[in-house]
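See below for query-v1.pdb, which holds PDB, C-alpha atoms.
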ATOM      1  CA  MET H   1     -18.635  17.441 -12.053
ATOM      2  CA  LEU H   2     -15.926  18.767 -14.391
ATOM      3  CA  ASN H   3     -15.446  21.896 -12.265
ATOM      4  CA  TYR H   4     -15.122  19.722  -9.153
ATOM      5  CA  VAL H   5     -12.468  17.497 -10.752
ATOM      6  CA  VAL H   6     -10.485  20.499 -12.002
ATOM      7  CA  ARG H   7     -10.567  22.110  -8.543
ATOM      8  CA  ARG H   8      -9.404  18.899  -6.891
ATOM      9  CA  LEU H   9      -6.571  18.495  -9.403
ATOM     10  CA  LEU H  10      -5.437  22.063  -8.757
ATOM     11  CA  MET H  11      -5.566  21.438  -5.005
ATOM     12  CA  MET H  12      -3.211  18.487  -5.466
ATOM     13  CA  ILE H  13      -0.366  20.804  -6.477
ATOM     14  CA  PRO H  14      -0.017  22.732  -3.165
ATOM     15  CA  THR H  15      -0.805  19.527  -1.262
ATOM     16  CA  LEU H  16       2.057  17.623  -2.886
ATOM     17  CA  ILE H  17       4.396  20.603  -2.456
ATOM     18  CA  ALA H  18       3.606  20.750   1.271
ATOM     19  CA  ILE H  19       4.070  16.981   1.596
ATOM     20  CA  SER H  20       7.401  17.118  -0.240
ATOM     21  CA  ILE H  21       8.676  19.814   2.144
ATOM     22  CA  ILE H  22       7.563  17.860   5.221
ATOM     23  CA  CYS H  23       9.076  14.606   3.931
ATOM     24  CA  PHE H  24      12.388  16.237   3.037
ATOM     25  CA  VAL H  25      12.688  18.021   6.373
ATOM     26  CA  ILE H  26      11.879  14.868   8.365
ATOM     27  CA  ILE H  27      14.464  12.838   6.428
ATOM     28  CA  GLN H  28      17.053  15.558   7.075
ATOM     29  CA  LEU H  29      16.255  16.020  10.786
ATOM     30  CA  PRO H  30      18.718  13.390  12.109
ATOM     31  CA  PRO H  31      22.250  14.820  12.379
ATOM     32  CA  GLY H  32      24.587  14.238   9.448
ATOM     33  CA  ASP H  33      23.703  12.507   6.208
ATOM     34  CA  TYR H  34      24.210   9.149   4.518
ATOM     35  CA  LEU H  35      27.770   9.917   3.452
ATOM     36  CA  GLU H  36      28.858  10.815   6.983
ATOM     37  CA  SER H  37      27.272   7.643   8.345
ATOM     38  CA  HIS H  38      28.962   5.633   5.588
ATOM     39  CA  ILE H  39      32.369   7.132   6.374
ATOM     40  CA  ALA H  40      31.952   6.382  10.095
ATOM     41  CA  GLU H  41      30.970   2.782   9.324
ATOM     42  CA  LEU H  42      33.970   2.234   7.033
ATOM     43  CA  ARG H  43      36.392   3.679   9.574
ATOM     44  CA  SER H  44      34.925   1.543  12.363
ATOM     45  CA  GLN H  45      35.657  -1.507  10.194
ATOM     46  CA  GLY H  46      39.202  -0.338   9.540
ATOM     47  CA  GLU H  47      38.587   0.254   5.820
ATOM     48  CA  SER H  48      39.895   3.161   3.804
ATOM     49  CA  VAL H  49      37.659   5.976   2.587
ATOM     50  CA  ASP H  50      37.801   7.295  -0.962
ATOM     51  CA  GLN H  51      37.662  10.950  -0.010
ATOM     52  CA  GLN H  52      37.618  12.162  -3.605
ATOM     53  CA  ARG H  53      34.510  10.097  -4.377
ATOM     54  CA  ILE H  54      32.817  11.351  -1.214
ATOM     55  CA  GLU H  55      33.504  14.974  -2.154
ATOM     56  CA  PHE H  56      32.339  14.340  -5.723
ATOM     57  CA  LEU H  57      29.016  12.947  -4.470
ATOM     58  CA  ARG H  58      28.596  15.877  -2.089
ATOM     59  CA  GLN H  59      29.055  18.402  -4.879
ATOM     60  CA  GLU H  60      27.136  16.412  -7.503
ATOM     61  CA  TYR H  61      24.002  16.101  -5.358
ATOM     62  CA  GLY H  62      24.305  19.339  -3.417
ATOM     63  CA  LEU H  63      24.940  17.806   0.000
ATOM     64  CA  ASP H  64      27.373  20.611   0.757
ATOM     65  CA  LYS H  65      24.608  23.201   0.316
ATOM     66  CA  PRO H  66      21.999  24.468   2.800
ATOM     67  CA  MET H  67      18.875  22.352   3.271
ATOM     68  CA  TRP H  68      16.621  24.624   1.225
ATOM     69  CA  GLN H  69      18.983  24.437  -1.753
ATOM     70  CA  GLN H  70      19.150  20.638  -1.434
ATOM     71  CA  TYR H  71      15.346  20.585  -1.471
ATOM     72  CA  LEU H  72      15.217  22.680  -4.637
ATOM     73  CA  VAL H  73      17.745  20.359  -6.318
ATOM     74  CA  TRP H  74      15.641  17.324  -5.369
ATOM     75  CA  VAL H  75      12.301  18.815  -6.417
ATOM     76  CA  THR H  76      13.710  20.124  -9.691
ATOM     77  CA  GLY H  77      14.988  16.641 -10.473
ATOM     78  CA  LEU H  78      11.592  15.120  -9.684
ATOM     79  CA  MET H  79       9.880  17.534 -12.052
ATOM     80  CA  HIS H  80      12.254  16.420 -14.825
ATOM     81  CA  GLY H  81      11.815  12.720 -14.065
ATOM     82  CA  ASP H  82      15.175  12.380 -12.279
ATOM     83  CA  LEU H  83      14.544  10.546  -9.011
ATOM     84  CA  GLY H  84      18.101  11.093  -7.853
ATOM     85  CA  TYR H  85      20.911   8.772  -6.818
ATOM     86  CA  SER H  86      20.791   6.059  -4.174
ATOM     87  CA  PHE H  87      23.965   6.300  -2.109
ATOM     88  CA  GLU H  88      23.373   2.950  -0.443
ATOM     89  CA  TYR H  89      23.011   1.017  -3.706
ATOM     90  CA  GLU H  90      25.305   3.324  -5.722
ATOM     91  CA  LEU H  91      22.779   3.395  -8.553
ATOM     92  CA  PRO H  92      20.119   5.810  -9.817
ATOM     93  CA  VAL H  93      16.894   5.435  -7.852
ATOM     94  CA  SER H  94      14.966   4.475 -11.006
ATOM     95  CA  ASP H  95      17.309   1.497 -11.503
ATOM     96  CA  VAL H  96      17.094   0.423  -7.862
ATOM     97  CA  VAL H  97      13.297   0.285  -7.613
ATOM     98  CA  GLY H  98      12.631  -1.306 -11.015
ATOM     99  CA  ASP H  99      11.980  -5.022 -10.359
ATOM    100  CA  ARG H 100      11.062  -4.435  -6.721
ATOM    101  CA  MET H 101       8.334  -1.995  -7.702
ATOM    102  CA  PHE H 102       6.940  -4.472 -10.252
ATOM    103  CA  LEU H 103       6.882  -7.342  -7.742
ATOM    104  CA  THR H 104       5.328  -5.117  -5.073
ATOM    105  CA  VAL H 105       2.532  -4.096  -7.424
ATOM    106  CA  ILE H 106       1.848  -7.758  -8.269
ATOM    107  CA  VAL H 107       1.704  -8.821  -4.610
ATOM    108  CA  SER H 108      -0.453  -5.853  -3.574
ATOM    109  CA  LEU H 109      -2.960  -6.116  -6.429
ATOM    110  CA  VAL H 110      -3.423  -9.871  -5.950
ATOM    111  CA  THR H 111      -3.827  -9.292  -2.195
ATOM    112  CA  ILE H 112      -6.509  -6.664  -2.836
ATOM    113  CA  VAL H 113      -8.396  -9.011  -5.177
ATOM    114  CA  PHE H 114      -8.077 -11.858  -2.640
ATOM    115  CA  THR H 115      -9.319  -9.639   0.196
ATOM    116  CA  TRP H 116     -12.372  -8.404  -1.680
ATOM    117  CA  ALA H 117     -13.196 -11.804  -3.194
ATOM    118  CA  VAL H 118     -13.209 -13.468   0.239
ATOM    119  CA  ALA H 119     -14.664 -10.657   2.349
ATOM    120  CA  PHE H 120     -17.569  -9.734   0.085
ATOM    121  CA  PRO H 121     -19.555 -13.011   0.000
ATOM    122  CA  ILE H 122     -18.783 -13.869   3.636
ATOM    123  CA  GLY H 123     -19.858 -10.423   4.855
ATOM    124  CA  VAL H 124     -23.118 -10.582   2.898
ATOM    125  CA  TYR H 125     -23.851 -14.105   4.160
ATOM    126  CA  SER H 126     -23.175 -13.152   7.792
ATOM    127  CA  ALA H 127     -25.467 -10.125   7.571
ATOM    128  CA  THR H 128     -28.327 -11.923   5.833
ATOM    129  CA  HIS H 129     -28.053 -14.950   8.165
ATOM    130  CA  GLN H 130     -27.600 -13.079  11.431
ATOM    131  CA  TYR H 131     -27.186 -15.263  14.556
ATOM    132  CA  SER H 132     -27.112 -18.474  12.522
ATOM    133  CA  TRP H 133     -24.446 -21.134  13.095
ATOM    134  CA  GLY H 134     -22.733 -19.999   9.917
ATOM    135  CA  ASP H 135     -22.682 -16.416  11.175
ATOM    136  CA  TYR H 136     -21.219 -17.477  14.523
ATOM    137  CA  GLY H 137     -18.557 -19.648  12.865
ATOM    138  CA  LEU H 138     -17.499 -16.992  10.379
ATOM    139  CA  THR H 139     -17.477 -14.351  13.124
ATOM    140  CA  PHE H 140     -15.210 -16.540  15.248
ATOM    141  CA  ILE H 141     -12.814 -17.055  12.336
ATOM    142  CA  GLY H 142     -12.889 -13.315  11.668
ATOM    143  CA  PHE H 143     -11.919 -12.522  15.259
ATOM    144  CA  ILE H 144      -9.003 -14.943  15.012
ATOM    145  CA  GLY H 145      -7.868 -13.238  11.820
ATOM    146  CA  LEU H 146      -8.075  -9.818  13.457
ATOM    147  CA  ALA H 147      -6.212 -10.950  16.571
ATOM    148  CA  THR H 148      -3.360 -12.745  14.780
ATOM    149  CA  PRO H 149      -0.475 -10.451  13.736
ATOM    150  CA  ASN H 150       0.586 -10.903  10.130
ATOM    151  CA  PHE H 151       4.230 -11.461  10.991
ATOM    152  CA  LEU H 152       3.276 -14.217  13.487
ATOM    153  CA  LEU H 153       1.184 -15.976  10.837
ATOM    154  CA  ALA H 154       4.125 -15.681   8.438
ATOM    155  CA  LEU H 155       6.465 -17.303  10.988
ATOM    156  CA  VAL H 156       3.971 -20.121  11.620
ATOM    157  CA  MET H 157       3.617 -20.847   7.899
ATOM    158  CA  LEU H 158       7.403 -20.785   7.450
ATOM    159  CA  TYR H 159       7.751 -23.347  10.251
ATOM    160  CA  LEU H 160       4.939 -25.642   9.065
ATOM    161  CA  ALA H 161       6.147 -25.622   5.456
ATOM    162  CA  ASN H 162       9.687 -26.470   6.518
ATOM    163  CA  VAL H 163       8.776 -29.186   9.054
ATOM    164  CA  TYR H 164       5.952 -30.979   7.215
ATOM    165  CA  PHE H 165       6.841 -30.352   3.575
ATOM    166  CA  GLY H 166      10.574 -29.712   3.725
ATOM    167  CA  THR H 167      10.268 -26.607   1.581
ATOM    168  CA  SER H 168      11.149 -22.973   2.084
ATOM    169  CA  ILE H 169       8.424 -20.477   1.254
ATOM    170  CA  GLY H 170      10.567 -17.397   1.717
ATOM    171  CA  GLY H 171      10.974 -15.028  -1.208
ATOM    172  CA  LEU H 172       8.872 -14.668  -4.328
ATOM    173  CA  MET H 173      10.834 -16.996  -6.596
ATOM    174  CA  ASP H 174      13.395 -19.767  -6.625
ATOM    175  CA  PRO H 175      16.932 -18.540  -5.861
ATOM    176  CA  THR H 176      18.056 -19.531  -9.367
ATOM    177  CA  TYR H 177      15.853 -16.814 -10.890
ATOM    178  CA  ILE H 178      17.064 -13.948  -8.684
ATOM    179  CA  ASP H 179      18.653 -11.136 -10.747
ATOM    180  CA  GLN H 180      17.800 -13.060 -13.933
ATOM    181  CA  PRO H 181      15.782 -11.597 -16.833
ATOM    182  CA  TRP H 182      12.084 -12.390 -16.950
ATOM    183  CA  SER H 183      11.136 -15.669 -18.581
ATOM    184  CA  PHE H 184       8.279 -18.168 -18.495
ATOM    185  CA  GLY H 185      10.067 -20.166 -15.807
ATOM    186  CA  LYS H 186      10.611 -17.105 -13.626
ATOM    187  CA  ALA H 187       6.973 -16.005 -13.987
ATOM    188  CA  LYS H 188       5.815 -19.524 -13.079
ATOM    189  CA  SER H 189       8.079 -19.522 -10.027
ATOM    190  CA  VAL H 190       6.632 -16.179  -8.891
ATOM    191  CA  LEU H 191       3.077 -17.529  -9.223
ATOM    192  CA  GLU H 192       4.025 -20.629  -7.209
ATOM    193  CA  HIS H 193       5.407 -18.515  -4.364
ATOM    194  CA  LEU H 194       2.812 -15.734  -4.555
ATOM    195  CA  TRP H 195      -0.053 -17.356  -2.668
ATOM    196  CA  ILE H 196       1.784 -17.475   0.674
ATOM    197  CA  PRO H 197       2.369 -13.702   1.075
ATOM    198  CA  VAL H 198      -1.082 -12.986  -0.372
ATOM    199  CA  VAL H 199      -2.786 -15.172   2.259
ATOM    200  CA  VAL H 200      -0.603 -13.841   5.083
ATOM    201  CA  ILE H 201      -0.993 -10.162   4.192
ATOM    202  CA  GLY H 202      -4.661 -10.446   3.251
ATOM    203  CA  THR H 203      -5.822 -12.309   6.377
ATOM    204  CA  SER H 204      -6.212  -9.367   8.734
ATOM    205  CA  GLY H 205      -7.577  -7.093   6.005
ATOM    206  CA  THR H 206     -10.129  -9.713   5.009
ATOM    207  CA  ALA H 207     -11.269 -10.247   8.594
ATOM    208  CA  GLY H 208     -11.669  -6.521   9.201
ATOM    209  CA  MET H 209     -13.543  -5.979   5.959
ATOM    210  CA  ILE H 210     -15.952  -8.832   6.741
ATOM    211  CA  ARG H 211     -16.830  -7.242  10.078
ATOM    212  CA  ARG H 212     -17.379  -3.793   8.556
ATOM    213  CA  LEU H 213     -19.493  -5.082   5.661
ATOM    214  CA  ARG H 214     -21.614  -7.152   8.035
ATOM    215  CA  ALA H 215     -22.199  -4.204  10.374
ATOM    216  CA  ASN H 216     -23.022  -1.758   7.566
ATOM    217  CA  LEU H 217     -25.345  -4.183   5.808
ATOM    218  CA  LEU H 218     -27.157  -5.042   9.048
ATOM    219  CA  ASP H 219     -27.698  -1.338   9.639
ATOM    220  CA  GLU H 220     -29.167  -0.879   6.152
ATOM    221  CA  LEU H 221     -31.400  -3.974   6.430
ATOM    222  CA  GLN H 222     -33.149  -2.462   9.448
ATOM    223  CA  LYS H 223     -34.173   0.750   7.674
ATOM    224  CA  GLN H 224     -37.674   1.633   6.536
ATOM    225  CA  TYR H 225     -37.051   1.427   2.803
ATOM    226  CA  VAL H 226     -36.118  -2.257   3.169
ATOM    227  CA  THR H 227     -39.348  -2.913   5.079
ATOM    228  CA  THR H 228     -41.268  -1.059   2.363
ATOM    229  CA  GLY H 229     -39.570  -3.131  -0.346
ATOM    230  CA  ARG H 230     -40.528  -6.373   1.397
ATOM    231  CA  ALA H 231     -44.095  -5.139   1.809
ATOM    232  CA  LYS H 232     -44.295  -4.527  -1.938
ATOM    233  CA  GLY H 233     -43.279  -8.132  -2.572
ATOM    234  CA  LEU H 234     -39.727  -7.663  -3.864
ATOM    235  CA  PRO H 235     -37.739 -10.942  -3.821
ATOM    236  CA  GLU H 236     -35.271 -10.980  -0.915
ATOM    237  CA  GLY H 237     -32.219 -11.490  -3.112
ATOM    238  CA  LYS H 238     -33.127  -8.659  -5.482
ATOM    239  CA  LEU H 239     -34.046  -6.384  -2.576
ATOM    240  CA  VAL H 240     -30.688  -6.915  -0.836
ATOM    241  CA  ARG H 241     -28.639  -6.494  -4.016
ATOM    242  CA  LYS H 242     -30.386  -3.414  -5.354
ATOM    243  CA  TYR H 243     -30.660  -1.228  -2.253
ATOM    244  CA  PRO H 244     -28.989  -2.041   1.119
ATOM    245  CA  LEU H 245     -25.958  -3.789  -0.353
ATOM    246  CA  ARG H 246     -25.274  -0.842  -2.628
ATOM    247  CA  MET H 247     -25.341   1.536   0.333
ATOM    248  CA  ALA H 248     -23.189  -0.800   2.449
ATOM    249  CA  LEU H 249     -20.437  -0.788  -0.191
ATOM    250  CA  ASN H 250     -19.507   2.820   0.538
ATOM    251  CA  PHE H 251     -16.590   1.887   2.765
ATOM    252  CA  PHE H 252     -15.218  -0.464   0.070
ATOM    253  CA  ILE H 253     -14.980   2.517  -2.256
ATOM    254  CA  ALA H 254     -13.696   4.847   0.460
ATOM    255  CA  ASP H 255     -10.832   2.398   1.114
ATOM    256  CA  ILE H 256      -9.342   3.147  -2.316
ATOM    257  CA  GLY H 257      -7.571   6.153  -0.818
ATOM    258  CA  SER H 258      -5.576   3.871   1.485
ATOM    259  CA  ILE H 259      -5.330   0.885  -0.870
ATOM    260  CA  LEU H 260      -3.408   2.692  -3.620
ATOM    261  CA  PRO H 261      -0.440   3.732  -1.433
ATOM    262  CA  SER H 262      -0.297   0.219   0.011
ATOM    263  CA  ILE H 263       0.537  -0.958  -3.515
ATOM    264  CA  ILE H 264       3.943   0.735  -3.082
ATOM    265  CA  SER H 265       4.601   0.368   0.631
ATOM    266  CA  GLY H 266       3.283  -3.182   0.966
ATOM    267  CA  ALA H 267       3.397  -5.017   4.309
ATOM    268  CA  GLU H 268       6.904  -4.153   5.468
ATOM    269  CA  ILE H 269       7.181  -6.504   8.449
ATOM    270  CA  VAL H 270       5.744  -9.483   6.551
ATOM    271  CA  ALA H 271       8.087  -8.722   3.648
ATOM    272  CA  VAL H 272      11.060  -8.822   6.026
ATOM    273  CA  VAL H 273       9.924 -12.096   7.646
ATOM    274  CA  LEU H 274       9.256 -13.806   4.300
ATOM    275  CA  SER H 275      12.315 -12.242   2.601
ATOM    276  CA  LEU H 276      10.140 -10.712  -0.107
ATOM    277  CA  PRO H 277      12.034  -8.594  -2.679
ATOM    278  CA  THR H 278       9.457  -5.798  -2.471
ATOM    279  CA  THR H 279       9.764  -2.085  -1.840
ATOM    280  CA  GLY H 280       8.623  -2.182   1.807
ATOM    281  CA  PRO H 281      11.954  -3.329   3.317
ATOM    282  CA  MET H 282      13.823  -1.008   0.942
ATOM    283  CA  LEU H 283      11.777   1.955   2.172
ATOM    284  CA  LEU H 284      12.559   1.109   5.801
ATOM    285  CA  SER H 285      16.264   0.684   5.017
ATOM    286  CA  SER H 286      16.447   3.972   3.131
ATOM    287  CA  LEU H 287      14.843   5.838   6.043
ATOM    288  CA  GLN H 288      17.214   4.265   8.550
ATOM    289  CA  SER H 289      20.315   5.048   6.487
ATOM    290  CA  GLN H 290      19.155   8.566   5.474
ATOM    291  CA  ASP H 291      19.372   7.658   1.792
ATOM    292  CA  MET H 292      17.357  10.795   1.150
ATOM    293  CA  TYR H 293      16.732  10.507  -2.592
ATOM    294  CA  LEU H 294      15.552   6.902  -2.380
ATOM    295  CA  ALA H 295      13.414   7.522   0.717
ATOM    296  CA  GLY H 296      12.056  10.797  -0.656
ATOM    297  CA  SER H 297      11.054   9.187  -3.941
ATOM    298  CA  PHE H 298       9.144   6.437  -2.112
ATOM    299  CA  LEU H 299       7.359   8.913   0.139
ATOM    300  CA  MET H 300       6.358  11.108  -2.802
ATOM    301  CA  PHE H 301       5.004   8.048  -4.633
ATOM    302  CA  LEU H 302       2.908   7.260  -1.549
ATOM    303  CA  ALA H 303       1.671  10.846  -1.279
ATOM    304  CA  MET H 304       0.732  11.003  -4.953
ATOM    305  CA  LEU H 305      -1.136   7.700  -4.831
ATOM    306  CA  THR H 306      -2.939   8.825  -1.671
ATOM    307  CA  VAL H 307      -4.295  12.068  -3.147
ATOM    308  CA  ILE H 308      -5.216  10.290  -6.385
ATOM    309  CA  GLY H 309      -6.905   7.481  -4.453
ATOM    310  CA  VAL H 310      -8.946   9.925  -2.374
ATOM    311  CA  LEU H 311     -10.115  11.706  -5.539
ATOM    312  CA  VAL H 312     -11.067   8.439  -7.243
ATOM    313  CA  SER H 313     -12.920   7.212  -4.149
ATOM    314  CA  ASP H 314     -14.865  10.498  -3.876
ATOM    315  CA  LEU H 315     -15.947  10.292  -7.510
ATOM    316  CA  LEU H 316     -16.969   6.641  -7.227
ATOM    317  CA  LEU H 317     -18.865   7.285  -3.994
ATOM    318  CA  ALA H 318     -20.849  10.035  -5.708
ATOM    319  CA  ALA H 319     -21.699   7.652  -8.564
ATOM    320  CA  LEU H 320     -22.606   4.796  -6.197
ATOM    321  CA  ASP H 321     -24.630   6.676  -3.595
ATOM    322  CA  PRO H 322     -27.098   9.350  -4.824
ATOM    323  CA  ARG H 323     -27.169  10.828  -1.311
ATOM    324  CA  ILE H 324     -23.589  12.068  -1.798
ATOM    325  CA  ARG H 325     -23.193  15.312  -3.722
ATOM    326  CA  LEU H 326     -19.930  16.802  -4.924
ATOM    327  CA  GLN H 327     -21.332  20.329  -4.797
ATOM    328  CA  GLY H 328     -22.254  22.053  -1.559
ATOM    329  CA  GLY H 329     -25.415  23.952  -0.816
ATOM    330  CA  VAL H 330     -29.069  23.063  -0.503
ATOM    331  CA  GLU H 331     -30.987  21.888  -3.536
ATOM    332  CA  ARG H 332     -34.280  23.691  -4.136
TER
END
As structure tokens, the full file:
Amino acid sequence: MLNYVVRRLLMMIPTLIAISIICFVIIQLPPGDYLESHIAELRSQGESVDQQRIEFLRQEYGLDKPMWQQYLVWVTGLMHGDLGYSFEYELPVSDVVGDRMFLTVIVSLVTIVFTWAVAFPIGVYSATHQYSWGDYGLTFIGFIGLATPNFLLALVMLYLANVYFGTSIGGLMDPTYIDQPWSFGKAKSVLEHLWIPVVVIGTSGTAGMIRRLRANLLDELQKQYVTTGRAKGLPEGKLVRKYPLRMALNFFIADIGSILPSIISGAEIVAVVLSLPTTGPMLLSSLQSQDMYLAGSFLMFLAMLTVIGVLVSDLLLAALDPRIRLQGGVER
């Protein structure tokens, strides 16, 4: 086990290096850079351009150098904990993503808990009560959840809340707390607004997870070891919990590799519709404006969380399912 973990950790280094090169090249592929786009926008609006500041930024962050030298400057900064400078916000990247990163983590973690807490019991019930009225009803609701786009559900909830309750559910807090230091009142306001994005973002994920858990559990319930367990007189509840349910949970664990990066990226479209101050819209904006240090930092966060999530899921799968071995070869 220890040798496997060490090998995987060593493999992360070239993987992250390759991802960093790909990300940097893709961000740089469009012609020009953020400063050139900014100058063109200012001139189109008839505003003056501080040429000295533009030249200072070019020299300070190596934008006047070849692409490979710019990459080395960026990577060297990352290795020293310097995420670079956001040209769009005119602040260091670490200052720009501070509160947004914290709020994104809160929304994503609560959404994950909501998704698992709802999907798990419903999926088990549907599988153990196959073709019952409850199974049909929950399946119908699940199909609706899968077919409804998140952004459409967000728009519907915005409309209903405004028409029937006269309240706005956009954002994650009352406007009076925006850009204010954290306090009990601000935390309470976040909790009051949190349930809307959690329900909207978690709906489709919950519906999909219910269907997968039901299908996997039904497959396990039809296997011979379940029949043998029933023949030996094991109680149905204990039989389901101890054997088939444990095997059916594999995909829950395997999803960790994709869940961890979603903590940073979040649901971008829903965040835009609900005006959520999370990192998703900021990532989209930074990619559109070629704010390379801000976009590159986000993408590297996602890459790092992905490789870590895959490693964690592999280790947990091996602990959960004895049929999975971390070492190759045939046991004798």
Tell me which protein, DNA and RNA residues are within 9 Å of H:Thr306, counting all atoms listed in the file, leaving out same-chain ones fewer than 6 positions away, and put them as a PDB file with C-alpha atoms, keeping the file's coordinate frame.
ATOM      1  CA  ILE H 256      -9.342   3.147  -2.316  1.00  0.00           C
ATOM      2  CA  GLY H 257      -7.571   6.153  -0.818  1.00  0.00           C
ATOM      3  CA  SER H 258      -5.576   3.871   1.485  1.00  0.00           C
ATOM      4  CA  ILE H 259      -5.330   0.885  -0.870  1.00  0.00           C
ATOM      5  CA  LEU H 260      -3.408   2.692  -3.620  1.00  0.00           C
ATOM      6  CA  PRO H 261      -0.440   3.732  -1.433  1.00  0.00           C
TER       7      PRO H 261
END
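Take the candidates H:Gly84, H:Asp95, H:Val25, H:Ala303 and check each one against H:Trp68 using all atoms listed in the file; the shortest distance goes to H:Val25.
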- Task: Find the distance between atom CA of H:Leu294 and atom CA of H:Gly77 and write it in Å to one decimal.
- Result: 12.7 Å
- Query: Can you list, as an MDAnalysis selection string, the residues that the PyMOL selection byres ((chain H and resi 250) around 12) selects here?
  - Reply: chainID H and resid 209 212:213 216:217 220 244:249 251:256 313:324
- Task: Evaluate the PyMOL selection byres ((chain H and resi 276-284) around 8) on the structure here and hand back the selected residues as JSON, numbers by chain.
- Result: {"H": [97, 100, 101, 103, 104, 170, 171, 172, 264, 265, 266, 267, 268, 269, 271, 272, 273, 274, 275, 285, 286, 287, 288, 294, 295, 298]}
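Minimum atom-to-atom distance to H:Gln59, evaluated using all atoms listed in the file, belongs to H:Leu35 out of H:Ser108, H:Leu35, H:Ser189, H:Val75.
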- Check which residues satisfy the PyMOL selection byres ((chain H and resi 26) around 12) in the file shown, then give them as an MDAnalysis selection string. chainID H and resid 19:25 27:31 67 71 287:288 290 292 295:296 299
- Message: Please return as an MDAnalysis selection string every residue within 8 Å of (25.5, 9.8, 4.1), taking into account all atoms listed in the file and the file's own coordinates.
- Response: chainID H and resid 32:39 87 289:291
How would stretch 182-194 of chain H look with N, CA, C and O atoms restored, written as a PDB file, keeping the file's coordinate frame?
ATOM      1  N   TRP H 182      13.379 -11.727 -17.040  1.00  0.00           N
ATOM      2  CA  TRP H 182      12.084 -12.390 -16.950  1.00  0.00           C
ATOM      3  C   TRP H 182      11.932 -13.428 -18.057  1.00  0.00           C
ATOM      4  O   TRP H 182      12.315 -13.199 -19.194  1.00  0.00           O
ATOM      5  N   SER H 183      11.395 -14.574 -17.660  1.00  0.00           N
ATOM      6  CA  SER H 183      11.136 -15.669 -18.581  1.00  0.00           C
ATOM      7  C   SER H 183       9.886 -16.405 -18.105  1.00  0.00           C
ATOM      8  O   SER H 183       9.338 -16.096 -17.041  1.00  0.00           O
ATOM      9  N   PHE H 184       9.454 -17.391 -18.892  1.00  0.00           N
ATOM     10  CA  PHE H 184       8.279 -18.168 -18.495  1.00  0.00           C
ATOM     11  C   PHE H 184       8.534 -18.903 -17.182  1.00  0.00           C
ATOM     12  O   PHE H 184       7.666 -18.958 -16.306  1.00  0.00           O
ATOM     13  N   GLY H 185       9.731 -19.443 -17.032  1.00  0.00           N
ATOM     14  CA  GLY H 185      10.067 -20.166 -15.807  1.00  0.00           C
ATOM     15  C   GLY H 185      10.075 -19.259 -14.591  1.00  0.00           C
ATOM     16  O   GLY H 185       9.593 -19.638 -13.513  1.00  0.00           O
ATOM     17  N   LYS H 186      10.582 -18.039 -14.743  1.00  0.00           N
ATOM     18  CA  LYS H 186      10.611 -17.105 -13.626  1.00  0.00           C
ATOM     19  C   LYS H 186       9.197 -16.670 -13.255  1.00  0.00           C
ATOM     20  O   LYS H 186       8.860 -16.579 -12.075  1.00  0.00           O
ATOM     21  N   ALA H 187       8.352 -16.393 -14.252  1.00  0.00           N
ATOM     22  CA  ALA H 187       6.973 -16.005 -13.987  1.00  0.00           C
ATOM     23  C   ALA H 187       6.215 -17.139 -13.284  1.00  0.00           C
ATOM     24  O   ALA H 187       5.433 -16.894 -12.352  1.00  0.00           O
ATOM     25  N   LYS H 188       6.461 -18.370 -13.715  1.00  0.00           N
ATOM     26  CA  LYS H 188       5.815 -19.524 -13.079  1.00  0.00           C
ATOM     27  C   LYS H 188       6.265 -19.671 -11.635  1.00  0.00           C
ATOM     28  O   LYS H 188       5.460 -19.968 -10.744  1.00  0.00           O
ATOM     29  N   SER H 189       7.557 -19.433 -11.389  1.00  0.00           N
ATOM     30  CA  SER H 189       8.079 -19.522 -10.027  1.00  0.00           C
ATOM     31  C   SER H 189       7.455 -18.456  -9.136  1.00  0.00           C
ATOM     32  O   SER H 189       7.126 -18.722  -7.973  1.00  0.00           O
ATOM     33  N   VAL H 190       7.275 -17.245  -9.668  1.00  0.00           N
ATOM     34  CA  VAL H 190       6.632 -16.179  -8.891  1.00  0.00           C
ATOM     35  C   VAL H 190       5.200 -16.562  -8.535  1.00  0.00           C
ATOM     36  O   VAL H 190       4.749 -16.367  -7.393  1.00  0.00           O
ATOM     37  N   LEU H 191       4.459 -17.125  -9.485  1.00  0.00           N
ATOM     38  CA  LEU H 191       3.077 -17.529  -9.223  1.00  0.00           C
ATOM     39  C   LEU H 191       3.016 -18.640  -8.173  1.00  0.00           C
ATOM     40  O   LEU H 191       2.092 -18.676  -7.359  1.00  0.00           O
ATOM     41  N   GLU H 192       4.003 -19.545  -8.187  1.00  0.00           N
ATOM     42  CA  GLU H 192       4.025 -20.629  -7.209  1.00  0.00           C
ATOM     43  C   GLU H 192       4.288 -20.116  -5.798  1.00  0.00           C
ATOM     44  O   GLU H 192       3.799 -20.694  -4.820  1.00  0.00           O
ATOM     45  N   HIS H 193       5.070 -19.064  -5.679  1.00  0.00           N
ATOM     46  CA  HIS H 193       5.407 -18.515  -4.364  1.00  0.00           C
ATOM     47  C   HIS H 193       4.443 -17.411  -3.922  1.00  0.00           C
ATOM     48  O   HIS H 193       4.473 -17.011  -2.759  1.00  0.00           O
ATOM     49  N   LEU H 194       3.596 -16.935  -4.822  1.00  0.00           N
ATOM     50  CA  LEU H 194       2.812 -15.734  -4.555  1.00  0.00           C
ATOM     51  C   LEU H 194       1.711 -15.958  -3.530  1.00  0.00           C
ATOM     52  O   LEU H 194       1.377 -15.047  -2.756  1.00  0.00           O
TER      53      LEU H 194
END
